[in-house]
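K.L.:
Mind looking over this structure? Questions follow.
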Amino acid sequence: MASHAELIERLFERRGGELVVGGVGVAELAERFGTPLFVYDRGVLERKLATLRGALPDGFEVYYSIKANPAAALLRWFVSQGCGLEVASAGEFVQAAGAGCDPARILFAGPGKTDAELEQVLAGRIGEIHVESLDEIRRLGAIAARLGRTAGVAIRVNPGAAAQGGAMRMGGKPAPFGVDEERLEQALDAVQADGRLEFHGIHLFTGTQILDHAVLARQYRAGLEIALRASRHAGGPLRTVDFGGGLGIPYFPHEHELDTDALGRELAALFGEYADRAELRGTRFIVEPGRYLVGDSGVYLCRVTTVKESRGKRYYIVDGGMHQHLAASGNLGQVIKRNYPLAVATRLDAAGAGKVDVVGPLCTPLDVLARDVELPAAESGDLVAVLQSGAYGRTSSPLGFLSHAAPAEVLARDGRPELIRRRGTPEDLLRDQPGSGATE
């Protein structure tokens, strides 16, 4: 992983000793919108989408995975760039449609879809539902018949060992995700036997946070072989082959950036091998990344409230923490706490002054944004920036913990910051409580 200085050099700008995001200094952002604050640089989003498209073979379609960051302004931007949207709940389907996405360009995956969710997305004319079990196939067929609709279906496949890889494996082993590869034909038969289900293709997704281009290329090859098998059994070419997401970004010292140039070369050669296969004639190839597209663009901005020492240990206590950025605290999937790249955003030119812990305001020892990190001397009022905070930040966090107000979100480009989600208020905490006296 690059140091925070290298990340800032690659992703953002600096003005003297101050971090600049989207052409706006962090001091101005904090003054205008308050802290804690999530701010996203649209220029970084543009570069990441262009880089991904440059690595994919011609004709590939990009569907943004909403779960990474569902901010409405980001969804509208991805739709404006010709992307589809991948959702994992009926709530995300509502957000996708609200962002102006054609329902035919929305995919729904997830292992625990309820009947109510399936009814809602079918009524909304969703483009494709990715079924993940024989039981779900049966339930979806019954719901489609009751509604008088035909459901476009892809089968999400839990592949064998050949397609393993990634920091968080979701396939290649017993899993709630997808139909086991060895039961693919059984699932296909069930779909094709139901007159209300229309088979479109397959979805392969085995893991997340993949930084090795060779692992991704191997998974795409496995996906193509499974697609050929499905096509032969189905008796015709597939409409869609969805390779999922999984492309990662490096957060920690032992990690490196995904080599998209090498990935592009490998995918060009791979798809050249399969270009003349009749089973894939006219097939739409899809990827659905989330973190890769938005992760680098985001900064979580906090203000130092207190600097203190305790028995030889120095602490910077800030006004943000695990309740708003659970991933940075290490409490979202990490076994051992590792620090996200972090900087004193108002003292970028200052030398390090020793190791400190950066902790939040919550009454729990879990509320640690960085432990034993080398930072310059800071004072109350200085701003701390947690980099690579665009994915799995605000909405992946326990915002109600200790009843702090929810943070605002800002999207900035060329010196123009736009408030895309207002800051919460104490009154917001009462709105869902009957008898609180709060008005709707």
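If you're wondering about the labels, chains in the structure tokens are A, B, ... by order shown, residues count from 1 in each chain, ligands from 1 in order shown.
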Using backbone DSSP assignments, extract all strand (DSSP E or B) residues from region 205-422 of chain A; output them as a PyMOL selection string.
P.N.:
chain A and resi 207-208+210+240-242+247+284-287+298-310+313-318+342-344+355-359+368-374+383-386+408-413+416-421
K.L.:
Can you tell me, as JSON, numbers by chain, what residues are no more than 7 Å from Glu198 (chain A) when counting only C-alpha atoms, ignoring any on the same chain fewer than 3 positions away?
P.N.:
{"A": [150, 151, 152, 153]}
K.L.:
Can you pull out every residue within 9 Å of Ile249 (chain A), counting only C-alpha atoms, but drop anything in the same chain fewer than 6 positions away, and send it as a list in words?
P.N.:
Met1, Gln209, Ile210, Leu211, Glu255, His256, Glu257, Leu258, Arg291, Tyr292, Gly295, Asp296 and Gln388 of chain A
K.L.:
Return as CSV the residues of region 68-88 of chain A lying at most 10 Å from region 391-394 of chain A, together with the closest atom-to-atom pair for each and the distance in Å to one decimal, counting only C-alpha atoms, with rows in chain order and ascending residue number.
P.N.:
```
residue,atom,partner,partner_atom,distance
A:Ala68,CA,A:Ala391,CA,4.8
A:Asn69,CA,A:Ala391,CA,5.5
A:Pro70,CA,A:Ala391,CA,9.3
A:Ala71,CA,A:Arg394,CA,9.6
```
K.L.:
From the set A:Leu270, A:Leu387, A:Leu228, A:Ile137, which residue has the shortest atom-to-atom contact distance to Ala193 (chain A), counting only C-alpha atoms?
P.N.:
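Between A:Leu270, A:Leu387, A:Leu228, A:Ile137, the residue approaching Ala193 (chain A) most closely is A:Ile137.
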K.L.:
Measuring between only C-alpha atoms, which one of A:Gly246, A:Pro341, A:Gly352, A:Gly298 shows the shortest distance to Gly22 (chain A)?
P.N.:
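Answer, going by the shortest atom-to-atom distance: A:Gly298.
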K.L.:
Give me, as a PyMOL selection string, all polymer residues having an atom no more than 8 Å from Ile106 (chain A), counting only C-alpha atoms and skipping those fewer than 4 positions away in the same chain.
P.N.:
chain A and resi 84-87+93+96+101-102+126-128
K.L.:
Residues at most 8 Å from region 27-43 of chain A, counting only C-alpha atoms, excluding those fewer than 2 positions away in the same chain, as a CSV table (one decimal) with all heavy atoms, in the first residue's frame?
P.N.:
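This is the output file part.csv:
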```csv
chain,number,residue,atom,x,y,z
A,18,GLU,N,-2.2,21.8,3.5
A,18,GLU,CA,-3.7,21.4,3.6
A,18,GLU,C,-4.1,20.5,2.5
A,18,GLU,O,-3.8,20.7,1.3
A,18,GLU,CB,-4.5,22.7,3.5
A,18,GLU,CG,-6.0,22.4,3.7
A,18,GLU,CD,-6.8,23.7,3.5
A,18,GLU,OE1,-6.3,24.7,3.0
A,18,GLU,OE2,-8.0,23.7,3.9
A,21,VAL,N,-9.7,18.3,-1.6
A,21,VAL,CA,-10.5,17.3,-2.2
A,21,VAL,C,-11.5,17.9,-3.2
A,21,VAL,O,-12.3,18.8,-2.8
A,21,VAL,CB,-11.3,16.5,-1.1
A,21,VAL,CG1,-12.1,15.4,-1.7
A,21,VAL,CG2,-10.3,16.0,0.0
A,22,GLY,N,-11.4,17.4,-4.4
A,22,GLY,CA,-12.3,18.0,-5.4
A,22,GLY,C,-12.1,19.5,-5.6
A,22,GLY,O,-13.1,20.2,-6.0
A,24,VAL,N,-11.3,21.7,-3.3
A,24,VAL,CA,-11.7,22.4,-2.1
A,24,VAL,C,-10.9,22.0,-1.0
A,24,VAL,O,-10.7,20.8,-0.7
A,24,VAL,CB,-13.2,22.2,-1.8
A,24,VAL,CG1,-13.7,23.2,-0.7
A,24,VAL,CG2,-14.1,22.3,-3.0
A,25,GLY,N,-10.3,23.0,-0.3
A,25,GLY,CA,-9.5,22.7,0.9
A,25,GLY,C,-10.4,22.2,2.0
A,25,GLY,O,-11.6,22.5,2.2
A,45,LEU,N,-13.7,9.5,-9.1
A,45,LEU,CA,-14.7,8.6,-9.6
A,45,LEU,C,-14.6,8.5,-11.1
A,45,LEU,O,-14.6,7.4,-11.7
A,45,LEU,CB,-16.1,9.1,-9.3
A,45,LEU,CG,-16.5,9.1,-7.8
A,45,LEU,CD1,-17.9,9.7,-7.7
A,45,LEU,CD2,-16.6,7.7,-7.3
A,46,GLU,N,-14.4,9.6,-11.8
A,46,GLU,CA,-14.3,9.6,-13.3
A,46,GLU,C,-13.0,8.8,-13.7
A,46,GLU,O,-13.1,8.0,-14.7
A,46,GLU,CB,-14.2,11.0,-13.8
A,46,GLU,CG,-15.5,11.8,-13.6
A,46,GLU,CD,-15.3,13.3,-13.8
A,46,GLU,OE1,-14.2,13.7,-14.0
A,46,GLU,OE2,-16.3,14.0,-13.7
A,47,ARG,N,-11.9,9.0,-13.0
A,47,ARG,CA,-10.7,8.3,-13.4
A,47,ARG,C,-10.8,6.8,-13.1
A,47,ARG,O,-10.4,6.0,-14.0
A,47,ARG,CB,-9.5,8.9,-12.6
A,47,ARG,CG,-9.2,10.3,-13.0
A,47,ARG,CD,-7.8,10.7,-12.6
A,47,ARG,NE,-7.6,10.7,-11.1
A,47,ARG,CZ,-8.0,11.7,-10.3
A,47,ARG,NH1,-8.5,12.8,-10.8
A,47,ARG,NH2,-7.7,11.6,-9.0
A,297,SER,N,-12.3,7.5,-3.8
A,297,SER,CA,-12.8,8.9,-3.9
A,297,SER,C,-13.1,9.5,-2.6
A,297,SER,O,-13.2,10.7,-2.6
A,297,SER,CB,-14.0,8.9,-4.8
A,297,SER,OG,-15.1,8.3,-4.1
A,298,GLY,N,-13.3,8.7,-1.5
A,298,GLY,CA,-13.8,9.3,-0.3
A,298,GLY,C,-12.8,9.6,0.8
A,298,GLY,O,-11.8,8.9,0.9
A,299,VAL,N,-13.1,10.7,1.5
A,299,VAL,CA,-12.3,11.0,2.7
A,299,VAL,C,-13.3,11.2,3.9
A,299,VAL,O,-14.4,11.9,3.7
A,299,VAL,CB,-11.6,12.4,2.4
A,299,VAL,CG1,-10.9,12.9,3.7
A,299,VAL,CG2,-10.5,12.2,1.4
A,300,TYR,N,-13.0,10.6,5.0
A,300,TYR,CA,-13.8,10.9,6.2
A,300,TYR,C,-13.0,11.9,7.0
A,300,TYR,O,-11.9,11.7,7.4
A,300,TYR,CB,-13.9,9.6,7.0
A,300,TYR,CG,-14.7,9.6,8.3
A,300,TYR,CD1,-16.0,10.2,8.3
A,300,TYR,CD2,-14.2,9.2,9.5
A,300,TYR,CE1,-16.7,10.2,9.5
A,300,TYR,CE2,-14.9,9.2,10.6
A,300,TYR,CZ,-16.2,9.7,10.6
A,300,TYR,OH,-16.9,9.8,11.8
A,301,LEU,N,-13.6,13.0,7.2
A,301,LEU,CA,-13.0,14.2,7.8
A,301,LEU,C,-13.5,14.4,9.2
A,301,LEU,O,-14.7,14.5,9.4
A,301,LEU,CB,-13.3,15.4,7.0
A,301,LEU,CG,-12.4,16.6,7.1
A,301,LEU,CD1,-10.9,16.3,6.7
A,301,LEU,CD2,-12.9,17.8,6.2
A,302,CYS,N,-12.6,14.4,10.2
A,302,CYS,CA,-12.9,14.6,11.6
A,302,CYS,C,-12.1,15.8,12.2
A,302,CYS,O,-11.0,16.1,11.7
A,302,CYS,CB,-12.6,13.4,12.4
A,302,CYS,SG,-13.1,11.8,11.7
A,303,ARG,N,-12.6,16.3,13.3
A,303,ARG,CA,-11.9,17.4,13.9
A,303,ARG,C,-11.3,16.9,15.3
A,303,ARG,O,-12.0,16.2,16.0
A,303,ARG,CB,-12.8,18.6,14.2
A,303,ARG,CG,-12.0,19.9,14.6
A,303,ARG,CD,-12.9,21.1,14.8
A,303,ARG,NE,-13.5,21.5,13.5
A,303,ARG,CZ,-12.9,22.3,12.6
A,303,ARG,NH1,-11.7,22.6,12.8
A,303,ARG,NH2,-13.6,22.6,11.5
A,319,ASP,N,-13.9,13.9,16.7
A,319,ASP,CA,-15.4,13.9,16.8
A,319,ASP,C,-16.0,12.9,16.0
A,319,ASP,O,-17.3,12.8,15.9
A,319,ASP,CB,-15.9,15.3,16.5
A,319,ASP,CG,-15.6,15.8,15.1
A,319,ASP,OD1,-15.0,15.1,14.3
A,319,ASP,OD2,-16.0,17.0,14.8
A,320,GLY,N,-15.3,12.1,15.3
A,320,GLY,CA,-15.8,10.9,14.5
A,320,GLY,C,-15.2,9.6,14.9
A,320,GLY,O,-14.2,9.6,15.6
A,346,THR,N,-4.6,19.2,8.0
A,346,THR,CA,-4.2,20.6,8.1
A,346,THR,C,-2.7,20.8,8.4
A,346,THR,O,-2.2,21.9,8.5
A,346,THR,CB,-5.0,21.3,9.1
A,346,THR,OG1,-5.2,20.4,10.3
A,346,THR,CG2,-6.4,21.6,8.6
A,383,LEU,N,-7.7,19.1,11.7
A,383,LEU,CA,-8.5,18.1,10.9
A,383,LEU,C,-7.8,16.9,10.6
A,383,LEU,O,-6.6,16.9,10.2
A,383,LEU,CB,-9.1,18.7,9.7
A,383,LEU,CG,-10.0,20.0,9.9
A,383,LEU,CD1,-10.3,20.6,8.5
A,383,LEU,CD2,-11.3,19.5,10.6
A,389,SER,N,-12.1,6.2,2.0
A,389,SER,CA,-13.3,6.0,2.8
A,389,SER,C,-14.6,6.1,1.9
A,389,SER,O,-15.7,6.4,2.5
A,389,SER,CB,-13.4,7.1,3.9
A,389,SER,OG,-12.3,6.9,4.8
A,390,GLY,N,-14.5,6.0,0.6
A,390,GLY,CA,-15.6,6.1,-0.2
A,390,GLY,C,-16.6,4.9,-0.2
A,390,GLY,O,-17.7,5.0,-0.6
A,394,ARG,N,-20.3,5.2,5.7
A,394,ARG,CA,-21.4,5.7,6.5
A,394,ARG,C,-22.5,4.7,6.6
A,394,ARG,O,-22.9,4.4,7.7
A,394,ARG,CB,-22.0,7.0,5.8
A,394,ARG,CG,-23.1,7.6,6.5
A,394,ARG,CD,-23.7,8.8,5.7
A,394,ARG,NE,-24.7,9.5,6.4
A,394,ARG,CZ,-26.0,9.1,6.6
A,394,ARG,NH1,-26.4,7.9,6.0
A,394,ARG,NH2,-26.9,9.8,7.2
A,407,PRO,N,-23.4,11.9,10.0
A,407,PRO,CA,-22.6,12.8,9.3
A,407,PRO,C,-23.2,13.2,8.0
A,407,PRO,O,-24.0,12.5,7.3
A,407,PRO,CB,-21.3,12.1,9.1
A,407,PRO,CG,-21.7,10.6,9.0
A,407,PRO,CD,-22.9,10.5,10.0
A,408,ALA,N,-22.8,14.4,7.5
A,408,ALA,CA,-23.2,14.9,6.2
A,408,ALA,C,-22.3,14.2,5.1
A,408,ALA,O,-21.3,13.7,5.4
A,408,ALA,CB,-23.1,16.4,6.1
A,409,GLU,N,-22.7,14.3,3.9
A,409,GLU,CA,-21.9,13.9,2.7
A,409,GLU,C,-21.9,15.0,1.7
A,409,GLU,O,-22.9,15.7,1.4
A,409,GLU,CB,-22.5,12.6,2.1
A,409,GLU,CG,-22.4,11.4,3.0
A,409,GLU,CD,-23.0,10.2,2.4
A,409,GLU,OE1,-24.3,10.1,2.2
A,409,GLU,OE2,-22.3,9.2,2.0
A,410,VAL,N,-20.7,15.1,1.1
A,410,VAL,CA,-20.5,16.2,0.1
A,410,VAL,C,-19.8,15.6,-1.1
A,410,VAL,O,-18.9,14.7,-1.0
A,410,VAL,CB,-19.6,17.3,0.7
A,410,VAL,CG1,-19.1,18.3,-0.4
A,410,VAL,CG2,-20.4,18.1,1.8
A,411,LEU,N,-20.2,16.0,-2.3
A,411,LEU,CA,-19.6,15.6,-3.6
A,411,LEU,C,-18.9,16.8,-4.2
A,411,LEU,O,-19.6,17.9,-4.3
A,411,LEU,CB,-20.6,15.0,-4.5
A,411,LEU,CG,-20.1,14.5,-5.9
A,411,LEU,CD1,-19.1,13.4,-5.8
A,411,LEU,CD2,-21.3,14.1,-6.8
A,412,ALA,N,-17.6,16.8,-4.4
A,412,ALA,CA,-16.9,18.0,-4.9
A,412,ALA,C,-16.2,17.7,-6.2
A,412,ALA,O,-15.7,16.6,-6.5
A,412,ALA,CB,-15.9,18.4,-3.9
A,413,ARG,N,-16.2,18.8,-7.1
A,413,ARG,CA,-15.5,18.7,-8.4
A,413,ARG,C,-15.1,20.1,-8.8
A,413,ARG,O,-16.0,21.0,-8.8
A,413,ARG,CB,-16.4,18.0,-9.4
A,413,ARG,CG,-15.8,17.9,-10.8
A,413,ARG,CD,-14.7,16.8,-10.8
A,413,ARG,NE,-14.4,16.4,-12.1
A,413,ARG,CZ,-13.3,16.7,-12.8
A,413,ARG,NH1,-12.5,17.6,-12.3
A,413,ARG,NH2,-13.0,16.2,-14.0
A,417,PRO,N,-18.2,22.3,-4.2
A,417,PRO,CA,-18.8,21.3,-3.3
A,417,PRO,C,-20.3,21.3,-3.3
A,417,PRO,O,-20.9,22.3,-3.3
A,417,PRO,CB,-18.2,21.6,-1.9
A,417,PRO,CG,-18.1,23.1,-2.0
A,417,PRO,CD,-17.8,23.5,-3.4
A,419,LEU,N,-23.6,19.6,-1.3
A,419,LEU,CA,-24.1,18.8,-0.1
A,419,LEU,C,-25.1,17.8,-0.7
A,419,LEU,O,-26.1,18.1,-1.3
A,419,LEU,CB,-24.9,19.7,0.9
A,419,LEU,CG,-25.4,19.0,2.1
A,419,LEU,CD1,-24.3,18.5,3.0
A,419,LEU,CD2,-26.4,20.0,2.9
```
K.L.:
Give me the residues near Arg338 (chain A) as a ChimeraX atom specification, where near means some atom within 9 Å (using only C-alpha atoms) and where sequence neighbours in that chain fewer than 2 positions away do not count.
P.N.:
/A:251-253,328-330,334,336,340,370-371
K.L.:
Out of A:Asp135, A:Asp115, A:Asp261, A:Asp194, which residue has the shortest atom-to-atom distance to Thr51 (chain A) when counting only C-alpha atoms?
P.N.:
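For Thr51 (chain A), the nearest of the candidates is A:Asp261.
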K.L.:
CA of Tyr316 (chain A) to CA of Val356 (chain A): how many Å, to one decimal?
P.N.:
7.0 Å
K.L.:
Name the closest residue to Gly112 (chain A) among the candidates A:Gly54, A:Pro361, A:Pro176, A:Gly400; distances are taken between atoms, counting only C-alpha atoms.
P.N.:
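Comparing A:Gly54, A:Pro361, A:Pro176, A:Gly400 against Gly112 (chain A), the winner is A:Pro176.
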K.L.:
Using only C-alpha atoms, which of the listed residues (A:Ala350, A:Ala154, A:Ala275, A:Ala222) sits closest to Val179 (chain A)?
P.N.:
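Among the listed residues, the smallest separation from Val179 (chain A) belongs to A:Ala154.
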